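Accompanying notes for the structure given below.
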Amino acid sequence: MKPFELDRRSFLRRAALGAGGLGLGNFLPQLLGGAGSGRFSTSGKAKNVIWLFMRGGLSHMESFDPKPALNRYAGKTIAETPFGYVQDPERLKEVRVVVVNDANGQQRNEIYPLQIGSKRYGQAGAEVSDWFPHIGAQADDLAIVRSMWTTDDNHGAQVQFHSGRHMLDARVPTIGAWVSYGLKTLNRGLPEFISMGPRFFDKRDGHYLGPAYDAVPLSVDPKNPLPFANPELELSNEEQRLEFDLVRRLNRLRGRQYPRDRALQARSQAYDLAYHMQTAIPEILDFDRESAETRSLYGFDQDNTRSFGQQLLGARRLVERGVRFVQIMHGDGAAGAWDSHSGLKSNHSKLAAQVDLPTAGLIQDLKQRGMLDETIVIFATEFGRTPGSQNADGRDHHPFGFSIWMAGGGLKGGVVHGATDEIGFHAVENRHYVTDVHATLLHQLGLDHKALEIPGHKRLERDFGHVIHDIIA
Amino acid sequence: MKRLVSIFALSLCLVQGSLFAAVDYLRDVKPVLKARCYACHGALKQKAGLRVDTVAFLLEGARSGDVLVPGNEGAGTLLDRISSDDLDERMPPEGEALSGEEIGWIREWIRGGAQAPESESPELDPADHWAFQMPLRKPIPGRSGTGEGNSSGGRNPIDAFIAAAHEEHGLEALPSIAPELLVRRLYLDLIGLPPTHDERQQFVANFALGSVERLVETLLATPQYGERWGRHWMDVWRYSDWYGLGAQLRNSQKHLWHWRDWIVDSLNQDKGYDRMIQEMLAGDELAPTDQATLRATGFLARNYYLFNRNTWLEQTIEHTGQAFLGLTLQCAKCHDHKYDPITQKEYYQFRAFFEPHQIRLDPVPGVTDLEKDGLPRAFDAHPEVATFLFKRGNEKEPDESHPLPAGVPKILEWEPIVYESLALPSEAFFPGLQAFVLEDRLRDADREIAEIKRRLKESGDVLETEATRSKLRALERLPAALRAVHHADRIRHGLEEGHDLDRATKEAALADQSYRVALAESKITALKSEVSKAEGKDKEAEKLKQAENALESLKQMFAKEPLNYVSIRPALKALESPAETDESRRKPYSHSTSGRRASLAKWITDRRNPLTARVAVNHIWMRHFGEPLVEDVTDFGRRSEEPPMQALLDYLAIYLMDHQWRMKPLHRLIVTSEAYQRESSTLAASKLSLERDPKNTYLWRRIPIRMESQVVRDSMRHLADELDLRVGGPTIDPAKGENLGRRSLYFTHSRDQQHSFLAMFDDAEILACYRRTESIIPQQALALVNSRLSMELADLVAKELSEEEGLVSDEAFVYRGFERVLGAPPTEEEEALSLSMMADTRRSISEQVSGDVLTSRVRRNFVQALFNHNDFITIR
């Protein structure tokens, strides 16, 4: 397929033709990939990403950035504490409001105490809340970043976390799309970018890169894992094979008549890939092929952990076979299940219990298989929650400071990077905008994040982000 | 090797005394200046009196003095400014600093004497940019005179322009494609459906001079033409049905399909493109009471955005600029345009055209519930509202000291833009005056009365009956009230002559008040019966008390205002923000419109506007040929180089305008050209042509086009004779409506609703789709192989082919199958492969099925394979 390579520049020129004009360039990444042969250098430590995203907004203070000061000042207004300055309008001005006068996304002034205790874990003594004991136990493998910030005070921040752009701006490619654009596939028979779980605000990824860079949505049901994965009417495997085979041969014949028709050649390859995908994916999602021990590790034994555990084990099996980027969204509903404007305690304790054990299991499993060095696991959410209370027993959206963590792929373990102030309001030390996470991932994958741009679609400085060098091993 | 290179480099250093010895101005310095400095120090702008687009200019320096002195790196300000750490000092002020390497090249070049190339020419004056000049009539090559758009008596002018280019570049054009593929190309291109067997036979069997022309006339006259090309323009004008969060409407408008129907109708009527633009931007100002025209303003309604008026208007500006003018106006929102002569102030002046407008739903005849149907349309809600420049584009920093009048970029202003406020006819600002509104309300009232009477007959519950009776008493007063109110309002607005307004007002008030009192009383009666049922329920008692109070205050008000009545207000303004109250949405509308949008539309569609016709022609050309004449269809600004076939583009632009901006003559001219009818196989191409013009810039061959997703689905249905060709109507839920068999453009298409099969083949992006993406991804194969849609349709095609006479044998079936699905019979090899696949399939399932079932399954599978053939989804 080398001839395609030669013409890439002209494809990229065409890509400049306004949004959505990428033309034939789209088939390149999926079809050109010899193992790891990307658009750019691929000498990175990491090869794959498993991206876990808690939809709705996980409280940073009740997960990876516990703030005992909240207990001390509980019931006081922020103005009454020594930290009244955090609400100085000058320090709040980065926020861009989507829903004017919304009931949510407001300042919450009365300090709400922590709803769960915390412990120190690992050699670094990282403080993690008691809702995440299993993840806590893996602390020596985690790089916790406690100084994230974003600018959307509503759940469009999910769009922002994935693309770097505010909900009110144009939709641009997400991190998964950029990774697959930049690196292409490690395998010849599977998509390079897969997503599982609910999405709401932005269901596409490629945007101006084209639908070839959209995540392929996958469900863990081996009987129906992909859209159109199985015949919707009766058609045996053998019949289907004969159909595919005839199509391949007829297209090849036609290729003699149209030797310059690159689309025709690409389509032939797409058929091969399709044929392989529909047999390979059910096999990957056949968890009976894993030992009972492994399945337990992912929480298959319990009702509340099984669903997320299956997605994670599926993710491991996918990256094992060379899928680049597996994105798993957790938490149903339009806003996302973690969105606890009231009843935070019951909400977070329930949801944390769904993800804690399987996530820890994933890290252990990757580690014992020697895969953690090449796989980055990231655990993130769109924003944190307010130190102040909302509706008596909840917390509101909080874009000014929140936490995420990453593990594996050549990142340091057992580090806590950055900090919020004493009441968890602002990220104050080593502040990181959301795209800094993207830049770090890309760096570990061996991509120059600044090179990811195509003519006609200028990226902003902020879109590129900055690599968080402090957490790189 | 590496070592050798460094030794070589080292020796250069020694010779020239520097690592940058090989510095070359054109290669190393000028590109840096061009990329980072020209925007402010070039032809567009000369900040600080400095230009840097030639060495001569650099030597002239800035107002403040020398910028560089050849041979003396210590003199002049250039090097200091580009290497400064002080952000207030550093150049360029935006973006990152120049890299050390770039600064190094510049330093070395200065040190080496700032050598200039011979005859270096400065940047072109922005006004001289090709696309900012009006297209001029030029002689058609090989003909005397300009031909004035008349192709009779000679070669198609398109071919004359192209032949001249071939001669110049030494290219050999390919011959015409075979008639059976030509007929498929024409059908798919013009109406988006493949020909039927008979249609193809008729064309191929009688192929002669004039056949194409006759077929084109037929196709352009079918309503399917408007649907096919309507979908193209829906892409360009970014059609999207409403979406939001749950039931909350946030983007676009309900019932936007009225605009889609207007697009299809306008194309089928061959309405001028100039008139189309005028109606889309200002239909409400040009034909204020004509709903058929008002539909067009769906173009503006589509940009509606609940949460932020600025975002809404930014979208309107951006897409008006790109769709009609090929101008990237949006680049001037925060600062002056970096490439084009458009200032930030001009951006906001452009915004001022749109500032007064808002969107509302008007009632349509026959429907009173706006949830069920209504007409989304633009109107000037605030004709006098001011527009301010936002400093740095920040909506929180409006420059309120300088209200801006509406205006266009100076560079494109050939005469002053004028507009004046226009008085609207009363039925336009007061839709309740229309006759159909009264009729529809009366019909509703009659229905409700009849329904209550029916219930009364059936009901045995005495209390409920009492409540119902009281409701009936109220309702029976409604028709008289409606009539009287409507009558009085029409007199008041001068629509009924020879009537006494005072008397009519009194009568209206009497009838309306009597109805409203009766209605309030009936509520009380109903609540009393509730209270008696639900004993001790405080809630009901409280409601009753409220209702009684309401009646009391109503009576008091009527005593004070004996002429008070409530007019019929059937329209509903879209929320201007989430904070707007329902009451404010129902306030009377302004009696005038600003005339701003009409004047903008007039300017866009003036023959002197150098952009409009060219941009339209480029879009049309791209959809016929697969590639445009100007590469970036959205940007004809200075970044868009002079197109290689500009003479042709300009000829066609003038042709469009000369034909009253009607598109059908242009389509006709294009598809009857030799250029259009050429072969796309390169087997017969000369090596020279392939080498000299591999990208087909000069159109010596055709390139294959992937069908848009809508054409894929519609073609499959049409081949199976399962396509319902009714035109127009409300959108169809894509999750439920597949079995209706309507054409694909009728499916609801929004951020949240897309047809899953269409989405797989690059459906239109709703935010901007000036050019459809053409991706080739494995999921497309899965959709064609595994979807119920494709399997069922393949089965139907197979059955139909089998039923045709003489198709008992598989050989005949294969032959016909190829013809029907791909447009041409199979080659021997293809036939052999197909037959062997059918035989293998037969064997593989002969144990499960037999007889006719077996045959039809085998044939279905074969047709499905043809659906998956590259040439099915390709326009050859």
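Here's how to read the names in the structure tokens: chain A, B, ... by the order shown, residue numbers from 1 in each chain, ligand numbers from 1 in the order shown.
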Residues within 8 Å of region 140-143 of chain A, please, as an NGL selection string. Count only C-alpha atoms; anything in the same chain fewer than 6 positions from it doesn't count. :A and (121-124 or 405-408 or 411-417 or 471)
Could you please take those selected residues and save N, CA and C atoms as a compact mmCIF listing (two decimals), in the first residue's frame?
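New file out.txt:
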# COMPACT_ATOMS: atom_id res chain seq x y z
N TYR A 121 -1.87 5.69 51.42
CA TYR A 121 -1.54 4.42 50.78
C TYR A 121 -0.14 4.47 50.18
N GLY A 122 0.48 3.31 50.17
CA GLY A 122 1.73 3.15 49.44
C GLY A 122 2.89 3.89 50.04
N GLN A 123 4.01 3.76 49.37
CA GLN A 123 5.23 4.35 49.89
C GLN A 123 5.17 5.87 49.92
N ALA A 124 4.48 6.42 48.95
CA ALA A 124 4.40 7.88 48.92
C ALA A 124 3.36 8.40 49.90
N TRP A 405 -6.15 10.64 37.75
CA TRP A 405 -4.86 9.93 37.87
C TRP A 405 -4.56 9.15 36.61
N MET A 406 -3.29 8.86 36.46
CA MET A 406 -2.84 8.06 35.32
C MET A 406 -1.91 6.98 35.85
N ALA A 407 -1.76 5.91 35.11
CA ALA A 407 -0.85 4.85 35.54
C ALA A 407 -0.26 4.18 34.31
N GLY A 408 0.94 3.66 34.46
CA GLY A 408 1.55 2.85 33.40
C GLY A 408 2.15 3.68 32.29
N LEU A 411 4.94 6.24 32.98
CA LEU A 411 4.71 7.31 33.94
C LEU A 411 5.20 6.86 35.31
N LYS A 412 5.47 7.82 36.17
CA LYS A 412 5.91 7.49 37.52
C LYS A 412 4.75 6.88 38.29
N GLY A 413 5.06 5.98 39.19
CA GLY A 413 4.05 5.50 40.12
C GLY A 413 4.28 6.14 41.46
N GLY A 414 3.25 6.15 42.28
CA GLY A 414 3.41 6.66 43.64
C GLY A 414 3.72 8.13 43.71
N VAL A 415 3.22 8.91 42.76
CA VAL A 415 3.44 10.36 42.87
C VAL A 415 2.10 11.08 42.99
N VAL A 416 2.16 12.15 43.74
CA VAL A 416 1.02 13.05 43.79
C VAL A 416 1.54 14.38 43.27
N HIS A 417 0.93 14.84 42.19
CA HIS A 417 1.44 16.02 41.52
C HIS A 417 0.39 17.13 41.61
N ILE A 471 5.54 13.95 36.04
CA ILE A 471 5.05 12.60 36.37
C ILE A 471 5.60 11.54 35.42
Just need the residues of chain B within 8 Å of chain A, counting only C-alpha atoms, so spit them out as number ranges by chain. B: 95, 245, 307-308, 311, 577-579, 631-634, 680-683, 704, 762, 765, 768-779, 781-783, 785-788, 791, 830, 833-834, 837, 840-841, 844-845, 861-862, 864-866, 868-870
Could you please take those selected residues and save C-alpha atoms as a short mmCIF file (atom, residue, chain, number, x, y, z; two decimals), in the first residue's frame?
data_model
loop_
_atom_site.label_atom_id
_atom_site.label_comp_id
_atom_site.auth_asym_id
_atom_site.auth_seq_id
_atom_site.Cartn_x
_atom_site.Cartn_y
_atom_site.Cartn_z
CA GLY B 95 1.64 32.96 19.22
CA LEU B 245 -31.68 18.35 26.17
CA PHE B 307 -28.22 29.94 25.64
CA ASN B 308 -26.16 32.57 23.99
CA THR B 311 -22.93 32.38 19.69
CA SER B 577 -32.67 33.32 26.53
CA PRO B 578 -33.56 30.74 29.15
CA ALA B 579 -34.50 33.61 31.43
CA GLU B 631 -10.08 24.16 -4.04
CA ASP B 632 -11.45 25.61 -0.83
CA VAL B 633 -15.16 26.06 -1.42
CA THR B 634 -15.52 28.18 1.71
CA SER B 680 -13.11 7.61 -15.67
CA SER B 681 -11.02 4.56 -16.44
CA THR B 682 -7.41 5.56 -17.01
CA LEU B 683 -6.59 2.43 -19.03
CA PRO B 704 -15.17 8.48 -9.92
CA ASP B 762 -20.75 9.99 5.84
CA GLU B 765 -22.21 17.05 9.35
CA ALA B 768 -20.86 22.68 8.65
CA CYS B 769 -20.86 20.53 5.56
CA TYR B 770 -19.63 22.54 2.64
CA ARG B 771 -18.11 19.40 1.29
CA ARG B 772 -19.15 15.87 2.17
CA THR B 773 -16.53 13.62 3.68
CA GLU B 774 -15.87 10.43 1.76
CA SER B 775 -14.56 7.85 4.12
CA ILE B 776 -13.97 4.21 3.44
CA ILE B 777 -14.31 2.25 6.64
CA PRO B 778 -14.98 -1.40 7.41
CA GLN B 779 -18.24 -0.62 9.18
CA ALA B 781 -19.10 -3.14 4.60
CA LEU B 782 -20.79 -4.53 7.68
CA ALA B 783 -23.77 -2.25 7.14
CA VAL B 785 -23.66 -7.02 4.31
CA ASN B 786 -25.56 -7.39 7.56
CA SER B 787 -28.27 -4.77 7.75
CA ARG B 788 -31.87 -5.85 7.47
CA MET B 791 -30.75 -7.93 2.98
CA GLU B 830 -17.12 -11.65 -13.73
CA LEU B 833 -16.93 -15.84 -10.65
CA SER B 834 -20.55 -14.98 -9.93
CA MET B 837 -20.28 -18.18 -5.97
CA ASP B 840 -21.01 -22.76 -3.84
CA THR B 841 -23.72 -20.98 -1.91
CA SER B 844 -23.50 -24.82 1.37
CA ILE B 845 -27.13 -24.39 2.32
CA ASN B 861 -26.87 -13.31 -1.59
CA PHE B 862 -25.58 -12.61 -5.05
CA GLN B 864 -26.18 -8.39 -1.91
CA ALA B 865 -22.67 -8.99 -3.12
CA LEU B 866 -23.43 -6.60 -5.97
CA ASN B 868 -21.22 -4.36 -1.94
CA HIS B 869 -19.44 -3.97 -5.24
CA ASN B 870 -17.33 -0.85 -5.42
#
From a DSSP pass on the backbone, collect the residues of region 223-325 of chain A flagged as helix (DSSP H, G or I) and hand them back as a compact mmCIF listing (two decimals) with N, CA and C atoms, in the first residue's frame.
# COMPACT_ATOMS: atom_id res chain seq x y z
N ASN A 237 -22.46 -18.31 8.25
CA ASN A 237 -21.08 -17.85 8.13
C ASN A 237 -20.51 -18.16 6.75
N GLU A 238 -20.85 -19.36 6.28
CA GLU A 238 -20.30 -19.79 5.00
C GLU A 238 -20.88 -18.93 3.85
N GLU A 239 -22.17 -18.69 3.92
CA GLU A 239 -22.77 -17.83 2.90
C GLU A 239 -22.10 -16.45 2.90
N GLN A 240 -21.89 -15.96 4.11
CA GLN A 240 -21.31 -14.63 4.21
C GLN A 240 -19.89 -14.63 3.65
N ARG A 241 -19.16 -15.70 3.98
CA ARG A 241 -17.79 -15.78 3.48
C ARG A 241 -17.78 -15.78 1.95
N LEU A 242 -18.73 -16.50 1.38
CA LEU A 242 -18.79 -16.55 -0.09
C LEU A 242 -19.13 -15.18 -0.68
N GLU A 243 -20.00 -14.46 0.02
CA GLU A 243 -20.33 -13.11 -0.44
C GLU A 243 -19.09 -12.21 -0.42
N PHE A 244 -18.44 -12.20 0.73
CA PHE A 244 -17.25 -11.37 0.88
C PHE A 244 -16.21 -11.74 -0.19
N ASP A 245 -16.10 -13.04 -0.39
CA ASP A 245 -15.10 -13.53 -1.33
C ASP A 245 -15.41 -13.06 -2.75
N LEU A 246 -16.68 -13.14 -3.11
CA LEU A 246 -17.05 -12.69 -4.46
C LEU A 246 -16.80 -11.18 -4.60
N VAL A 247 -17.18 -10.44 -3.57
CA VAL A 247 -16.98 -8.99 -3.63
C VAL A 247 -15.50 -8.69 -3.84
N ARG A 248 -14.67 -9.39 -3.09
CA ARG A 248 -13.23 -9.14 -3.18
C ARG A 248 -12.73 -9.40 -4.61
N ARG A 249 -13.17 -10.54 -5.15
CA ARG A 249 -12.68 -10.89 -6.49
C ARG A 249 -13.21 -9.94 -7.56
N LEU A 250 -14.48 -9.59 -7.43
CA LEU A 250 -15.04 -8.68 -8.45
C LEU A 250 -14.36 -7.32 -8.38
N ASN A 251 -14.14 -6.86 -7.17
CA ASN A 251 -13.47 -5.55 -7.05
C ASN A 251 -12.05 -5.60 -7.60
N ARG A 252 -11.40 -6.73 -7.39
CA ARG A 252 -10.04 -6.84 -7.90
C ARG A 252 -10.04 -6.79 -9.43
N LEU A 253 -11.00 -7.48 -10.02
CA LEU A 253 -11.11 -7.43 -11.49
C LEU A 253 -11.35 -5.99 -11.96
N ARG A 254 -12.25 -5.31 -11.26
CA ARG A 254 -12.57 -3.94 -11.64
C ARG A 254 -11.33 -3.04 -11.51
N GLY A 255 -10.50 -3.41 -10.56
CA GLY A 255 -9.28 -2.64 -10.35
C GLY A 255 -8.36 -2.64 -11.57
N ARG A 256 -8.47 -3.68 -12.38
CA ARG A 256 -7.64 -3.70 -13.59
C ARG A 256 -8.09 -2.62 -14.57
N GLN A 257 -9.39 -2.41 -14.57
CA GLN A 257 -9.93 -1.41 -15.49
C GLN A 257 -9.69 0.01 -14.96
N ARG A 262 -8.01 4.90 -6.35
CA ARG A 262 -7.51 4.52 -5.03
C ARG A 262 -8.64 4.12 -4.09
N ALA A 263 -9.79 4.69 -4.31
CA ALA A 263 -10.92 4.36 -3.45
C ALA A 263 -11.27 2.89 -3.60
N LEU A 264 -11.17 2.43 -4.82
CA LEU A 264 -11.50 1.03 -5.08
C LEU A 264 -10.54 0.12 -4.32
N GLN A 265 -9.28 0.44 -4.40
CA GLN A 265 -8.30 -0.39 -3.69
C GLN A 265 -8.54 -0.34 -2.19
N ALA A 266 -8.82 0.84 -1.70
CA ALA A 266 -9.04 0.98 -0.27
C ALA A 266 -10.28 0.23 0.16
N ARG A 267 -11.29 0.29 -0.68
CA ARG A 267 -12.52 -0.40 -0.31
C ARG A 267 -12.29 -1.90 -0.21
N SER A 268 -11.50 -2.43 -1.09
CA SER A 268 -11.20 -3.86 -1.03
C SER A 268 -10.59 -4.20 0.32
N GLN A 269 -9.69 -3.35 0.76
CA GLN A 269 -9.04 -3.63 2.05
C GLN A 269 -10.02 -3.46 3.20
N ALA A 270 -10.91 -2.48 3.07
CA ALA A 270 -11.88 -2.28 4.13
C ALA A 270 -12.75 -3.53 4.28
N TYR A 271 -13.02 -4.19 3.17
CA TYR A 271 -13.82 -5.41 3.25
C TYR A 271 -13.09 -6.51 3.98
N ASP A 272 -11.82 -6.61 3.72
CA ASP A 272 -11.04 -7.63 4.44
C ASP A 272 -11.08 -7.37 5.93
N LEU A 273 -10.91 -6.10 6.27
CA LEU A 273 -10.90 -5.72 7.68
C LEU A 273 -12.27 -5.99 8.31
N ALA A 274 -13.31 -5.65 7.60
CA ALA A 274 -14.66 -5.87 8.13
C ALA A 274 -14.88 -7.35 8.40
N TYR A 275 -14.45 -8.15 7.46
CA TYR A 275 -14.67 -9.57 7.61
C TYR A 275 -13.93 -10.09 8.83
N HIS A 276 -12.73 -9.61 9.00
CA HIS A 276 -11.95 -10.05 10.14
C HIS A 276 -12.56 -9.55 11.45
N MET A 277 -12.98 -8.29 11.45
CA MET A 277 -13.52 -7.69 12.67
C MET A 277 -14.70 -8.46 13.21
N GLN A 278 -15.57 -8.84 12.30
CA GLN A 278 -16.79 -9.43 12.84
C GLN A 278 -16.58 -10.83 13.38
N THR A 279 -15.48 -11.44 13.03
CA THR A 279 -15.21 -12.72 13.68
C THR A 279 -14.33 -12.52 14.90
N ALA A 280 -13.43 -11.53 14.82
CA ALA A 280 -12.46 -11.36 15.91
C ALA A 280 -13.11 -10.79 17.17
N ILE A 281 -14.02 -9.86 17.00
CA ILE A 281 -14.51 -9.16 18.18
C ILE A 281 -15.35 -10.05 19.11
N PRO A 282 -16.25 -10.84 18.61
CA PRO A 282 -16.95 -11.74 19.53
C PRO A 282 -15.98 -12.66 20.29
N GLU A 283 -14.92 -13.04 19.63
CA GLU A 283 -13.93 -13.89 20.28
C GLU A 283 -13.26 -13.13 21.42
N ILE A 284 -12.95 -11.86 21.16
CA ILE A 284 -12.30 -11.05 22.20
C ILE A 284 -13.22 -10.88 23.40
N PHE A 287 -15.49 -13.94 27.49
CA PHE A 287 -14.72 -13.93 28.73
C PHE A 287 -14.51 -15.31 29.32
N ASP A 288 -15.19 -16.30 28.76
CA ASP A 288 -14.96 -17.66 29.26
C ASP A 288 -13.53 -18.11 28.96
N ARG A 289 -12.90 -17.42 28.07
CA ARG A 289 -11.51 -17.76 27.76
C ARG A 289 -10.54 -17.30 28.83
N ALA A 292 -10.97 -18.16 35.99
CA ALA A 292 -11.92 -17.69 37.01
C ALA A 292 -11.23 -16.65 37.89
N GLU A 293 -9.96 -16.86 38.12
CA GLU A 293 -9.20 -15.92 38.95
C GLU A 293 -9.21 -14.52 38.34
N THR A 294 -8.91 -14.49 37.06
CA THR A 294 -8.89 -13.19 36.38
C THR A 294 -10.25 -12.54 36.43
N ARG A 295 -11.26 -13.34 36.18
CA ARG A 295 -12.60 -12.75 36.18
C ARG A 295 -12.94 -12.17 37.55
N SER A 296 -12.50 -12.87 38.59
CA SER A 296 -12.76 -12.33 39.94
C SER A 296 -12.04 -11.01 40.14
N LEU A 297 -10.83 -10.99 39.63
CA LEU A 297 -10.03 -9.78 39.77
C LEU A 297 -10.79 -8.57 39.23
N ASP A 303 -22.59 -8.43 41.55
CA ASP A 303 -23.50 -7.77 40.62
C ASP A 303 -23.11 -6.32 40.35
N ASN A 304 -22.67 -5.62 41.42
CA ASN A 304 -22.44 -4.19 41.22
C ASN A 304 -21.15 -3.88 40.46
N THR A 305 -20.22 -4.81 40.43
CA THR A 305 -18.95 -4.54 39.75
C THR A 305 -18.85 -5.23 38.38
N ARG A 306 -19.77 -6.15 38.11
CA ARG A 306 -19.60 -7.00 36.92
C ARG A 306 -19.60 -6.19 35.62
N SER A 307 -20.55 -5.28 35.54
CA SER A 307 -20.70 -4.59 34.27
C SER A 307 -19.44 -3.78 33.90
N PHE A 308 -18.95 -2.99 34.84
CA PHE A 308 -17.74 -2.22 34.56
C PHE A 308 -16.55 -3.15 34.39
N GLY A 309 -16.53 -4.22 35.20
CA GLY A 309 -15.44 -5.20 35.11
C GLY A 309 -15.37 -5.84 33.74
N GLN A 310 -16.53 -6.14 33.17
CA GLN A 310 -16.52 -6.75 31.83
C GLN A 310 -15.95 -5.76 30.81
N GLN A 311 -16.33 -4.51 30.95
CA GLN A 311 -15.79 -3.53 30.01
C GLN A 311 -14.27 -3.43 30.15
N LEU A 312 -13.80 -3.47 31.40
CA LEU A 312 -12.35 -3.34 31.60
C LEU A 312 -11.60 -4.56 31.10
N LEU A 313 -12.16 -5.73 31.37
CA LEU A 313 -11.48 -6.93 30.89
C LEU A 313 -11.52 -6.93 29.35
N GLY A 314 -12.65 -6.50 28.80
CA GLY A 314 -12.73 -6.36 27.35
C GLY A 314 -11.64 -5.41 26.86
N ALA A 315 -11.46 -4.32 27.57
CA ALA A 315 -10.45 -3.34 27.18
C ALA A 315 -9.07 -3.97 27.19
N ARG A 316 -8.78 -4.74 28.25
CA ARG A 316 -7.46 -5.37 28.30
C ARG A 316 -7.28 -6.30 27.11
N ARG A 317 -8.32 -7.09 26.81
CA ARG A 317 -8.20 -8.04 25.70
C ARG A 317 -8.07 -7.31 24.35
N LEU A 318 -8.67 -6.15 24.27
CA LEU A 318 -8.55 -5.37 23.03
C LEU A 318 -7.15 -4.78 22.86
N VAL A 319 -6.63 -4.19 23.94
CA VAL A 319 -5.29 -3.60 23.79
C VAL A 319 -4.25 -4.70 23.60
N GLU A 320 -4.51 -5.83 24.18
CA GLU A 320 -3.62 -6.96 23.99
C GLU A 320 -3.48 -7.31 22.51
Excluding region 175-192 of chain B and its own-chain neighbours fewer than 2 positions away, which residues fall within 8 Å of it when counting only C-alpha atoms? Please give them as JSON, numbers by chain. {"B": [173, 194, 195, 200, 203, 204, 207, 216, 219, 220, 222, 224, 225, 226, 227, 228, 229, 624, 671, 674, 677, 678, 679, 680, 711, 714, 715, 823, 824, 875, 876]}
Strand (DSSP E or B) positions in region 40-259 of chain B, given as a VMD selection string: chain B and resid 41 46 62 65 69 72 176 243 to 245 248 to 251
May I ask for the distance between CA of Ala74 (chain A) and CA of Ser346 (chain A), given in Å to one decimal place? 19.1 Å
Surrounding residues of Arg377 (chain B) excluding itself and chain neighbours under 6 positions, 12 Å, only C-alpha atoms, as JSON, numbers by chain: {"B": [252, 253, 254, 255, 256, 257, 258, 259, 279, 280, 281, 282, 283, 284, 285, 288, 289, 290, 291, 292, 293, 294, 295, 296, 297, 298, 299, 300, 301, 302, 303, 304, 357, 358, 359, 360, 361, 362, 363, 364, 428, 571, 572, 573, 574]}
Generate a file of the selected residues that holds C-alpha atoms, formatted as a compact mmCIF listing (two decimals), in the first residue's frame.
# COMPACT_ATOMS: atom_id res chain seq x y z
CA SER B 252 -32.47 25.17 15.55
CA GLN B 253 -36.28 25.10 15.51
CA LYS B 254 -39.17 22.72 15.40
CA HIS B 255 -40.77 22.06 12.01
CA LEU B 256 -37.71 23.30 10.17
CA TRP B 257 -38.67 20.94 7.38
CA HIS B 258 -40.77 23.75 5.94
CA TRP B 259 -37.46 25.31 4.91
CA GLU B 279 -35.72 34.98 0.54
CA MET B 280 -33.51 33.06 2.95
CA LEU B 281 -32.00 36.17 4.47
CA ALA B 282 -34.97 38.49 4.27
CA GLY B 283 -38.11 36.69 3.09
CA ASP B 284 -39.99 38.35 5.94
CA GLU B 285 -39.03 41.80 4.71
CA PRO B 288 -44.10 39.65 4.87
CA THR B 289 -47.37 37.76 4.66
CA ASP B 290 -46.51 35.04 2.19
CA GLN B 291 -45.89 31.82 4.07
CA ALA B 292 -44.46 30.12 0.99
CA THR B 293 -41.67 32.72 1.04
CA LEU B 294 -41.36 32.98 4.82
CA ARG B 295 -40.35 29.30 4.87
CA ALA B 296 -37.04 30.37 3.36
CA THR B 297 -35.98 32.17 6.53
CA GLY B 298 -35.52 28.74 8.07
CA PHE B 299 -31.94 29.47 7.00
CA LEU B 300 -31.81 31.93 9.91
CA ALA B 301 -34.00 29.88 12.24
CA ARG B 302 -31.52 27.03 11.95
CA ASN B 303 -28.90 29.08 13.79
CA TYR B 304 -31.13 29.62 16.81
CA HIS B 357 -33.85 39.62 14.15
CA GLN B 358 -35.34 36.87 16.22
CA ILE B 359 -37.24 33.70 15.43
CA ARG B 360 -40.86 32.81 16.01
CA LEU B 361 -43.30 30.07 15.13
CA ASP B 362 -46.28 31.25 13.13
CA PRO B 363 -49.45 29.19 12.85
CA VAL B 364 -50.05 27.31 9.63
CA ALA B 428 -47.43 40.14 9.35
CA ALA B 571 -47.66 32.83 17.10
CA LEU B 572 -44.93 32.17 19.63
CA LYS B 573 -41.55 33.83 19.74
CA ALA B 574 -38.60 31.55 20.48
I'd like the neighbourhood of Lys545 (chain B) as a ChimeraX atom specification, where a residue qualifies if any of its atoms comes within 12 Å (using only C-alpha atoms), though same-chain residues fewer than 2 positions away should be ignored. /B:523-525,527-528,531,538-543,547-552
